[in-house]
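**Q** To be precise about what I am sending: the file is called coords-v4.csv and holds CSV, C-alpha atoms and all ligand atoms.
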chain,number,residue,atom,x,y,z
I,1,MET,CA,79.5,-44.9,-118.3
I,2,LYS,CA,77.0,-47.8,-118.5
I,3,ILE,CA,74.4,-48.9,-121.0
I,4,VAL,CA,71.1,-49.0,-119.2
I,5,LEU,CA,67.7,-50.3,-120.4
I,6,VAL,CA,64.6,-48.9,-118.7
I,7,THR,CA,61.3,-50.4,-119.7
I,8,GLY,CA,58.3,-48.2,-119.4
I,9,ALA,CA,60.3,-45.0,-119.6
I,10,THR,CA,57.4,-43.0,-121.2
I,11,SER,CA,56.0,-42.1,-117.8
I,12,GLY,CA,56.3,-42.2,-114.0
I,13,PHE,CA,59.2,-44.1,-112.4
I,14,GLY,CA,60.7,-45.2,-115.7
I,15,TRP,CA,60.9,-41.6,-117.1
I,16,ALA,CA,62.4,-40.3,-113.9
I,17,THR,CA,64.9,-43.2,-113.7
I,18,ALA,CA,66.0,-42.9,-117.4
I,19,SER,CA,66.3,-39.1,-116.9
I,20,LYS,CA,68.7,-39.6,-113.9
I,21,PHE,CA,70.7,-42.2,-115.7
I,22,VAL,CA,71.1,-39.8,-118.7
I,23,ALA,CA,72.1,-37.0,-116.2
I,24,GLN,CA,74.9,-39.2,-114.9
I,25,GLY,CA,76.3,-39.6,-118.4
I,26,ASN,CA,75.1,-43.1,-119.2
I,27,LYS,CA,73.7,-44.4,-122.5
I,28,VAL,CA,70.1,-45.2,-122.0
I,29,ILE,CA,67.7,-47.4,-123.9
I,30,ILE,CA,64.1,-46.2,-123.3
I,31,THR,CA,61.1,-48.3,-124.1
I,32,GLY,CA,57.3,-48.0,-124.1
I,33,ARG,CA,54.3,-48.2,-126.4
I,34,ARG,CA,53.8,-44.4,-126.9
I,35,GLN,CA,56.1,-43.3,-129.6
I,36,GLN,CA,55.3,-39.6,-129.0
I,37,ARG,CA,56.4,-39.9,-125.4
I,38,LEU,CA,59.7,-41.5,-126.4
I,39,GLN,CA,60.3,-38.5,-128.7
I,40,ASP,CA,59.3,-36.1,-126.0
I,41,PHE,CA,61.9,-37.7,-123.7
I,42,ILE,CA,64.6,-37.2,-126.3
I,43,GLN,CA,63.5,-33.6,-126.8
I,44,GLN,CA,63.8,-33.0,-123.1
I,45,HIS,CA,67.3,-34.5,-123.1
I,46,GLU,CA,68.4,-32.9,-126.4
I,47,HIS,CA,71.9,-32.3,-125.1
I,48,ALA,CA,72.4,-36.1,-124.7
I,49,LYS,CA,70.3,-37.3,-127.6
I,50,GLU,CA,73.0,-39.5,-129.1
I,51,LYS,CA,73.2,-41.4,-125.8
I,52,ILE,CA,69.5,-42.3,-125.9
I,53,LEU,CA,68.0,-45.1,-128.0
I,54,PRO,CA,64.2,-45.2,-128.1
I,55,LEU,CA,62.5,-48.6,-128.7
I,56,CYS,CA,58.7,-48.6,-129.2
I,57,PHE,CA,57.1,-51.9,-128.5
I,58,ASP,CA,54.5,-53.7,-126.4
I,59,ILE,CA,56.1,-56.0,-123.9
I,60,GLN,CA,53.0,-58.2,-123.9
I,61,ASP,CA,53.9,-59.1,-127.5
I,62,LYS,CA,56.7,-61.8,-127.4
I,63,ASN,CA,57.6,-61.4,-131.0
I,64,ALA,CA,57.6,-57.6,-131.0
I,65,THR,CA,59.8,-57.7,-127.9
I,66,LYS,CA,62.3,-60.1,-129.5
I,67,ASN,CA,62.3,-58.1,-132.7
I,68,ALA,CA,62.9,-54.8,-130.9
I,69,LEU,CA,65.8,-56.1,-128.7
I,70,ASN,CA,67.5,-58.4,-131.2
I,71,THR,CA,67.6,-55.8,-134.0
I,72,MET,CA,69.3,-53.1,-131.8
I,73,PRO,CA,72.7,-51.9,-133.1
I,74,GLU,CA,75.4,-54.3,-131.7
I,75,GLU,CA,77.0,-51.6,-129.6
I,76,TRP,CA,73.7,-51.0,-127.7
I,77,LYS,CA,73.5,-54.7,-126.8
I,78,HIS,CA,76.2,-54.4,-124.2
I,79,ILE,CA,73.5,-53.7,-121.6
I,80,GLN,CA,74.9,-53.6,-118.0
I,81,VAL,CA,71.8,-52.5,-116.2
I,82,LEU,CA,68.2,-53.6,-116.9
I,83,VAL,CA,65.4,-51.9,-115.0
I,84,ASN,CA,62.2,-54.0,-115.4
I,85,ASN,CA,59.8,-51.2,-114.6
I,86,ALA,CA,57.0,-51.4,-117.2
I,87,GLY,CA,53.8,-52.5,-115.6
I,88,LEU,CA,50.3,-51.6,-114.6
I,89,SER,CA,47.2,-52.2,-112.6
I,90,ARG,CA,43.8,-52.5,-114.2
I,91,GLY,CA,40.6,-52.2,-112.1
I,92,LEU,CA,40.0,-52.5,-108.3
I,93,ASN,CA,37.3,-55.1,-107.9
I,94,GLU,CA,36.4,-58.0,-105.7
I,95,ILE,CA,37.5,-61.2,-107.4
I,96,GLN,CA,33.9,-62.2,-108.2
I,97,ASN,CA,33.5,-58.9,-110.2
I,98,GLY,CA,36.9,-58.9,-111.9
I,99,ASN,CA,37.3,-58.4,-115.5
I,100,PHE,CA,39.1,-61.1,-117.6
I,101,SER,CA,40.7,-58.6,-119.9
I,102,ASP,CA,42.0,-56.6,-117.0
I,103,TRP,CA,43.5,-59.7,-115.4
I,104,GLU,CA,45.1,-60.8,-118.7
I,105,GLU,CA,46.6,-57.4,-119.3
I,106,MET,CA,48.2,-57.3,-115.8
I,107,ILE,CA,49.5,-60.9,-116.0
I,108,ASP,CA,50.7,-60.4,-119.6
I,109,THR,CA,52.5,-57.2,-118.8
I,110,ASN,CA,53.8,-57.5,-115.2
I,111,ILE,CA,54.8,-61.1,-115.3
I,112,LYS,CA,55.1,-62.4,-118.9
I,113,GLY,CA,56.4,-59.1,-120.4
I,114,LEU,CA,59.1,-58.9,-117.6
I,115,LEU,CA,60.1,-62.4,-118.4
I,116,TYR,CA,60.4,-61.8,-122.2
I,117,VAL,CA,62.6,-58.8,-121.7
I,118,SER,CA,64.7,-60.4,-119.0
I,119,LYS,CA,65.4,-63.6,-120.9
I,120,ILE,CA,66.7,-61.7,-124.0
I,121,VAL,CA,68.7,-59.2,-122.0
I,122,VAL,CA,70.2,-61.8,-119.6
I,123,ASN,CA,71.4,-63.7,-122.6
I,124,PHE,CA,73.0,-60.6,-124.0
I,125,MET,CA,74.8,-60.2,-120.7
I,126,ILE,CA,75.9,-63.9,-120.5
I,127,GLU,CA,77.1,-64.0,-124.1
I,128,ARG,CA,79.2,-60.9,-123.6
I,129,ASN,CA,80.5,-61.8,-120.1
I,130,ILE,CA,78.9,-58.7,-118.7
I,131,GLU,CA,78.7,-58.5,-114.9
I,132,GLY,CA,75.2,-57.0,-115.2
I,133,HIS,CA,72.6,-55.8,-112.8
I,134,ILE,CA,68.8,-56.3,-113.0
I,135,ILE,CA,66.5,-54.2,-111.0
I,136,ASN,CA,62.9,-55.4,-110.9
I,137,ILE,CA,60.2,-53.0,-109.8
I,138,GLY,CA,58.0,-54.8,-107.3
I,139,SER,CA,55.6,-53.2,-104.9
I,140,THR,CA,54.3,-53.2,-101.3
I,141,ALA,CA,51.6,-55.2,-103.2
I,142,GLY,CA,54.2,-57.9,-103.6
I,143,HIS,CA,54.5,-58.2,-99.8
I,144,GLU,CA,50.8,-57.8,-98.7
I,145,VAL,CA,47.5,-58.3,-100.5
I,146,TYR,CA,44.9,-55.6,-100.0
I,147,PRO,CA,41.2,-55.8,-100.6
I,148,LYS,CA,40.2,-55.8,-104.3
I,149,GLY,CA,43.9,-55.8,-105.2
I,150,ASN,CA,43.8,-59.6,-105.8
I,151,VAL,CA,45.3,-60.0,-109.3
I,152,TYR,CA,47.6,-57.0,-109.3
I,153,CYS,CA,48.9,-58.1,-105.9
I,154,ALA,CA,49.4,-61.6,-107.3
I,155,THR,CA,51.5,-60.2,-110.2
I,156,LYS,CA,53.7,-58.3,-107.8
I,157,HIS,CA,54.1,-61.4,-105.6
I,158,ALA,CA,55.2,-63.2,-108.8
I,159,VAL,CA,57.7,-60.4,-109.5
I,160,ASP,CA,59.1,-61.0,-105.9
I,161,ALA,CA,59.4,-64.7,-106.6
I,162,LEU,CA,61.1,-64.1,-110.0
I,163,THR,CA,63.6,-61.6,-108.4
I,164,LYS,CA,64.6,-64.3,-105.9
I,165,GLY,CA,64.7,-67.0,-108.6
I,166,MET,CA,66.7,-64.8,-111.0
I,167,ARG,CA,69.2,-64.0,-108.2
I,168,LEU,CA,69.8,-67.7,-107.6
I,169,ASP,CA,70.1,-68.7,-111.3
I,170,LEU,CA,72.3,-65.7,-112.3
I,171,LEU,CA,74.7,-65.9,-109.4
I,172,GLN,CA,77.0,-68.1,-111.5
I,173,HIS,CA,77.1,-65.4,-114.2
I,174,ASN,CA,78.0,-62.5,-111.8
I,175,ILE,CA,74.7,-60.8,-112.6
I,176,LYS,CA,73.2,-59.0,-109.6
I,177,VAL,CA,69.5,-59.0,-109.1
I,178,SER,CA,67.7,-56.4,-106.9
I,179,THR,CA,64.2,-55.2,-106.3
I,180,VAL,CA,62.7,-51.8,-105.5
I,181,ASP,CA,59.3,-52.1,-103.9
I,182,PRO,CA,57.4,-48.9,-103.6
I,183,GLY,CA,54.2,-48.0,-101.8
I,184,MET,CA,51.8,-45.4,-103.0
I,185,ALA,CA,53.3,-43.1,-105.6
I,186,GLU,CA,51.4,-40.5,-107.8
I,187,THR,CA,52.2,-41.2,-111.4
I,188,GLU,CA,49.8,-42.3,-114.2
I,189,PHE,CA,49.4,-45.6,-112.3
I,190,SER,CA,46.0,-44.9,-110.8
I,191,VAL,CA,44.7,-43.2,-113.9
I,192,VAL,CA,45.6,-46.4,-115.8
I,193,ARG,CA,44.1,-48.5,-113.0
I,194,PHE,CA,40.8,-46.6,-113.3
I,195,HIS,CA,40.8,-46.7,-117.1
I,196,GLY,CA,41.4,-42.9,-117.5
I,197,ASP,CA,39.2,-41.6,-114.7
I,198,VAL,CA,41.4,-38.8,-113.5
I,199,GLU,CA,39.2,-37.7,-110.6
I,200,LYS,CA,39.0,-41.1,-109.2
I,201,ALA,CA,42.7,-41.5,-109.5
I,202,LYS,CA,43.3,-38.2,-107.7
I,203,LYS,CA,41.3,-39.4,-104.7
I,204,VAL,CA,43.7,-42.2,-104.0
I,205,TYR,CA,46.3,-39.7,-102.9
I,206,GLU,CA,44.0,-37.2,-101.1
I,207,GLY,CA,45.2,-35.9,-97.8
I,208,PHE,CA,48.8,-37.0,-97.7
I,209,GLU,CA,52.0,-36.7,-99.7
I,210,PRO,CA,52.5,-39.8,-101.8
I,211,LEU,CA,55.9,-40.8,-103.2
I,212,HIS,CA,57.2,-39.0,-106.2
I,213,ALA,CA,58.6,-40.8,-109.2
I,214,GLU,CA,62.0,-39.3,-108.4
I,215,ASP,CA,62.1,-41.0,-105.0
I,216,ILE,CA,62.0,-44.4,-106.7
I,217,ALA,CA,64.5,-43.3,-109.3
I,218,ASP,CA,66.9,-42.3,-106.5
I,219,CYS,CA,66.6,-45.8,-105.0
I,220,ILE,CA,67.4,-47.4,-108.3
I,221,LEU,CA,70.5,-45.3,-108.8
I,222,PHE,CA,71.6,-45.9,-105.3
I,223,ILE,CA,71.4,-49.6,-105.9
I,224,VAL,CA,73.2,-49.4,-109.2
I,225,ASN,CA,76.0,-47.1,-107.9
I,226,ALA,CA,76.8,-49.4,-104.9
I,227,PRO,CA,80.3,-50.9,-104.8
I,228,LYS,CA,80.9,-53.9,-107.0
I,229,HIS,CA,81.0,-56.3,-104.1
I,230,VAL,CA,77.7,-55.1,-102.7
I,231,ASN,CA,74.2,-56.1,-103.8
I,232,ILE,CA,71.4,-54.1,-102.3
I,233,ALA,CA,68.9,-56.9,-102.8
I,234,GLN,CA,65.7,-55.0,-101.9
I,235,ILE,CA,64.5,-51.6,-101.0
I,236,LEU,CA,60.9,-51.2,-99.6
I,237,LEU,CA,59.8,-47.6,-99.5
I,238,MET,CA,56.6,-45.9,-98.6
I,239,PRO,CA,55.3,-42.4,-98.1
I,240,ALA,CA,55.8,-41.3,-94.5
I,241,ALA,CA,52.0,-41.3,-94.2
I,242,GLN,CA,51.7,-44.9,-95.1
I,243,ALA,CA,52.2,-47.9,-92.7
I,244,ASN,CA,51.2,-50.8,-94.9
I,245,THR,CA,49.1,-51.3,-98.0
I,246,VAL,CA,45.8,-50.4,-96.2
I,247,THR,CA,46.9,-48.0,-93.5
I,248,VAL,CA,47.4,-44.4,-94.6
I,249,LYS,CA,47.2,-41.3,-92.4
I,250,ARG,CA,45.2,-38.7,-94.3
I,251,GLN,CA,44.6,-35.2,-93.3
I,252,LEU,CA,41.3,-34.3,-95.0
H,1,LIG,P1,53.0,-45.2,-115.0
H,1,LIG,O1,51.6,-45.6,-115.5
H,1,LIG,O2,53.2,-43.8,-114.9
H,1,LIG,O3,54.1,-45.9,-116.0
H,1,LIG,C1,54.0,-47.2,-116.5
H,1,LIG,C2,55.0,-47.4,-117.6
H,1,LIG,O4,54.9,-48.8,-118.0
H,1,LIG,C3,54.7,-46.5,-118.8
H,1,LIG,O5,55.9,-46.0,-119.3
H,1,LIG,C4,54.0,-47.5,-119.8
H,1,LIG,O6,54.4,-47.1,-121.1
H,1,LIG,C5,54.7,-48.8,-119.4
H,1,LIG,N1,54.0,-49.9,-119.9
H,1,LIG,C6,52.8,-50.3,-119.4
H,1,LIG,N2,52.3,-51.4,-120.1
H,1,LIG,C7,53.2,-51.6,-121.1
H,1,LIG,C8,53.3,-52.5,-122.2
H,1,LIG,N3,52.4,-53.5,-122.4
H,1,LIG,N4,54.4,-52.5,-123.0
H,1,LIG,C9,55.4,-51.6,-122.8
H,1,LIG,N5,55.4,-50.7,-121.8
H,1,LIG,C10,54.3,-50.7,-121.0
H,1,LIG,O7,53.1,-46.0,-113.7
H,1,LIG,P2,54.4,-46.1,-112.6
H,1,LIG,O8,55.5,-45.4,-113.1
H,1,LIG,O9,53.8,-45.8,-111.3
H,1,LIG,O10,54.6,-47.7,-112.6
H,1,LIG,C11,55.9,-48.2,-113.0
H,1,LIG,C12,56.0,-49.6,-112.3
H,1,LIG,O11,55.9,-49.4,-110.9
H,1,LIG,C13,54.9,-50.6,-112.6
H,1,LIG,O12,55.4,-51.9,-112.7
H,1,LIG,C14,54.0,-50.5,-111.3
H,1,LIG,O13,53.3,-51.7,-111.1
H,1,LIG,C15,55.0,-50.2,-110.3
H,1,LIG,N6,54.5,-49.6,-109.0
H,1,LIG,C16,53.8,-48.4,-109.0
H,1,LIG,C17,53.4,-47.9,-107.8
H,1,LIG,C18,52.6,-46.6,-107.7
H,1,LIG,O14,52.0,-46.4,-106.7
H,1,LIG,N7,52.6,-45.8,-108.7
H,1,LIG,C19,53.9,-48.5,-106.5
H,1,LIG,C20,54.6,-49.7,-106.7
H,1,LIG,C21,54.9,-50.2,-107.9
H,1,LIG,P3,53.3,-47.0,-122.4
H,1,LIG,O15,52.0,-46.8,-121.8
H,1,LIG,O16,53.9,-45.9,-123.2
H,1,LIG,O17,53.5,-48.4,-123.0
H,2,LIG,C1,51.3,-49.9,-106.4
H,2,LIG,C2,51.0,-49.7,-104.9
H,2,LIG,O1,49.2,-49.9,-103.2
H,2,LIG,O2,48.8,-48.4,-105.1
H,2,LIG,O3,52.0,-51.1,-106.6
H,2,LIG,O4,48.7,-50.8,-105.4
H,2,LIG,S1,49.4,-49.7,-104.6
Please express what this file holds, its structure, as structure tokens.

**A**
Amino acid sequence: MKIVLVTGATSGFGWATASKFVAQGNKVIITGRRQQRLQDFIQQHEHAKEKILPLCFDIQDKNATKNALNTMPEEWKHIQVLVNNAGLSRGLNEIQNGNFSDWEEMIDTNIKGLLYVSKIVVNFMIERNIEGHIINIGSTAGHEVYPKGNVYCATKHAVDALTKGMRLDLLQHNIKVSTVDPGMAETEFSVVRFHGDVEKAKKVYEGFEPLHAEDIADCILFIVNAPKHVNIAQILLMPAAQANTVTVKRQL
């Protein structure tokens, strides 16, 4: 039994990952901004509700993040696994047409939010001599830049650099750092990217079978359940119909 913290567990990869960790008998801290979704998660996992701690906060907000994590009951601070999953894309525009608030939201969430959570949780691990494991959720967008993906891709390139930097810095503390880098997966991701335009979001996945949130969750659990002496540093996964960020075989 481990204590696992999954950011962005109110939807998509985070929900599926938290659910699988619960099913394996772990204690799971679930986070997100939507309180009702956190309650829905607990309701769906009623049988294990005493093993789930919901924390409702916005990871863009440094003080809210500090407050939520530092005021957790002491026994929950023995976090062995941190899944830095919360993140988003906003907009799909050429750089000259980009929107400042979209850019800020992506940078504040995908980079700064990940850093705020990581610093606090890493220090919990170090103070308690925990041989922890951090899994960052990157993307194919952290390997290749696609047209109009400019700032989102930049944030995922940053996540890739941070994964490598964390791995170097935390080696001395026996904390493993890994990354799971998915290609196209149908979650709320594109609905959020297109500011709630569900029809536009659906078109992204037309004519092929995208990844499911459970596929990503399976990769995360595979990494965490590897033997102690093994660090699976990176998993890059895509739908079978995808070859790179711009090449998808659609049957329309
Ligand atoms: P979803 O939109 O389904 O889930 C995103 C999660 O992040 C939600 O739980 C959301 O919770 C949380 N979140 C977003 N912003 C914040 C915030 N400011 N504070 C706290 N939580 C936040 O998308 P996915 O599951 O697809 O995405 C998860 C991660 O995977 C992201 O980092 C994304 O970039 C990445 N990714 C997605 C791919 C895809 O094709 N879907 C492919 C590759 C990577 P709430 O709204 O309740 O705050
Ligand atoms: C999400 C993958 O290609 O939809 O990180 O932007 S993509």

**Q** List the spatial neighbours of Asn244 (chain I) as a PyMOL selection string - criterion: any atom at most 12 Å away, only C-alpha atoms, same-chain residues fewer than 3 positions off excluded.

**A** chain I and resi 139-146+182-184+236-241+247-249

**Q** CA of Ile235 (chain I) to atom N6 of ligand LIG 1 (chain H): how many Å, to one decimal?

**A**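 Pair CA of Ile235 (chain I) / atom N6 of ligand LIG 1 (chain H) returns 13.0 Å.
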
**Q** Neighbouring residues of ligand LIG 1 (chain H) are defined here as those with any atom at most 6 Å from a ligand atom, counting all atoms listed in the file; list them as an MDAnalysis selection string.

**A** chainID I and resid 8:14 32:34 57:60 85:88 109 137:139 181:189

**Q** Around the point (72.7, -38.9, -129.7) (coordinates from the file), which residues reach within 12 Å if we count only C-alpha atoms? Answer as a PyMOL selection string.

**A** chain I and resi 22+25-29+42-43+45-54

**Q** Smallest atom-to-atom distance to Lys148 (chain I): which of I:Glu75, I:Asp61, I:Glu214, I:Glu94, using all atoms listed in the file?

**A**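 Comparing I:Glu75, I:Asp61, I:Glu214, I:Glu94 against Lys148 (chain I), the winner is I:Glu94.
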
**Q** Separation of CA of Glu127 (chain I) and CA of His173 (chain I), in Å?

**A**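 CA of His173 (chain I) lies 10.0 Å from CA of Glu127 (chain I).
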
**Q** Hey, which of I:Thr163, I:Asn97, I:Ser89, I:Gln172 ends up closest to ligand LIG 2 (chain H)? Count all atoms listed in the file.

**A**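 Closest residue, counting all atoms listed in the file: I:Ser89.
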
**Q** Of the candidates I:Asn129, I:Asn150, I:Asn70, I:Gln39, which one gets nearest to Asn93 (chain I) if we count only C-alpha atoms?

**A**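 Distance minimum relative to Asn93 (chain I) lands on I:Asn150.
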
**Q** Work out how far apart CA of Val159 (chain I) and CA of Ile175 (chain I) are and give it in Å to one decimal.

**A**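 If I compute the distance from CA of Val159 (chain I) to CA of Ile175 (chain I), I get 17.3 Å.
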
**Q** Is there a way to get, as a list in words, all residues within 10 Å of the point (64.5, -49.1, -105.5) in file coordinates, counting all atoms listed in the file?

**A** Val83, Ile135, Asn136, Ile137, Gly138, Ser139, Ser178, Thr179, Val180, Asp181, Pro182, Asp215, Ile216, Ala217, Asp218, Cys219, Ile220, Leu221, Phe222, Ile223, Val224, Ile232, Ala233, Gln234, Ile235, Leu236 and Leu237 of chain I

**Q** Using all atoms listed in the file, can you tell me which of I:Ala161, I:Leu92, I:Val198, I:Val122 comes closest to ligand LIG 2 (chain H)?

**A** I:Leu92
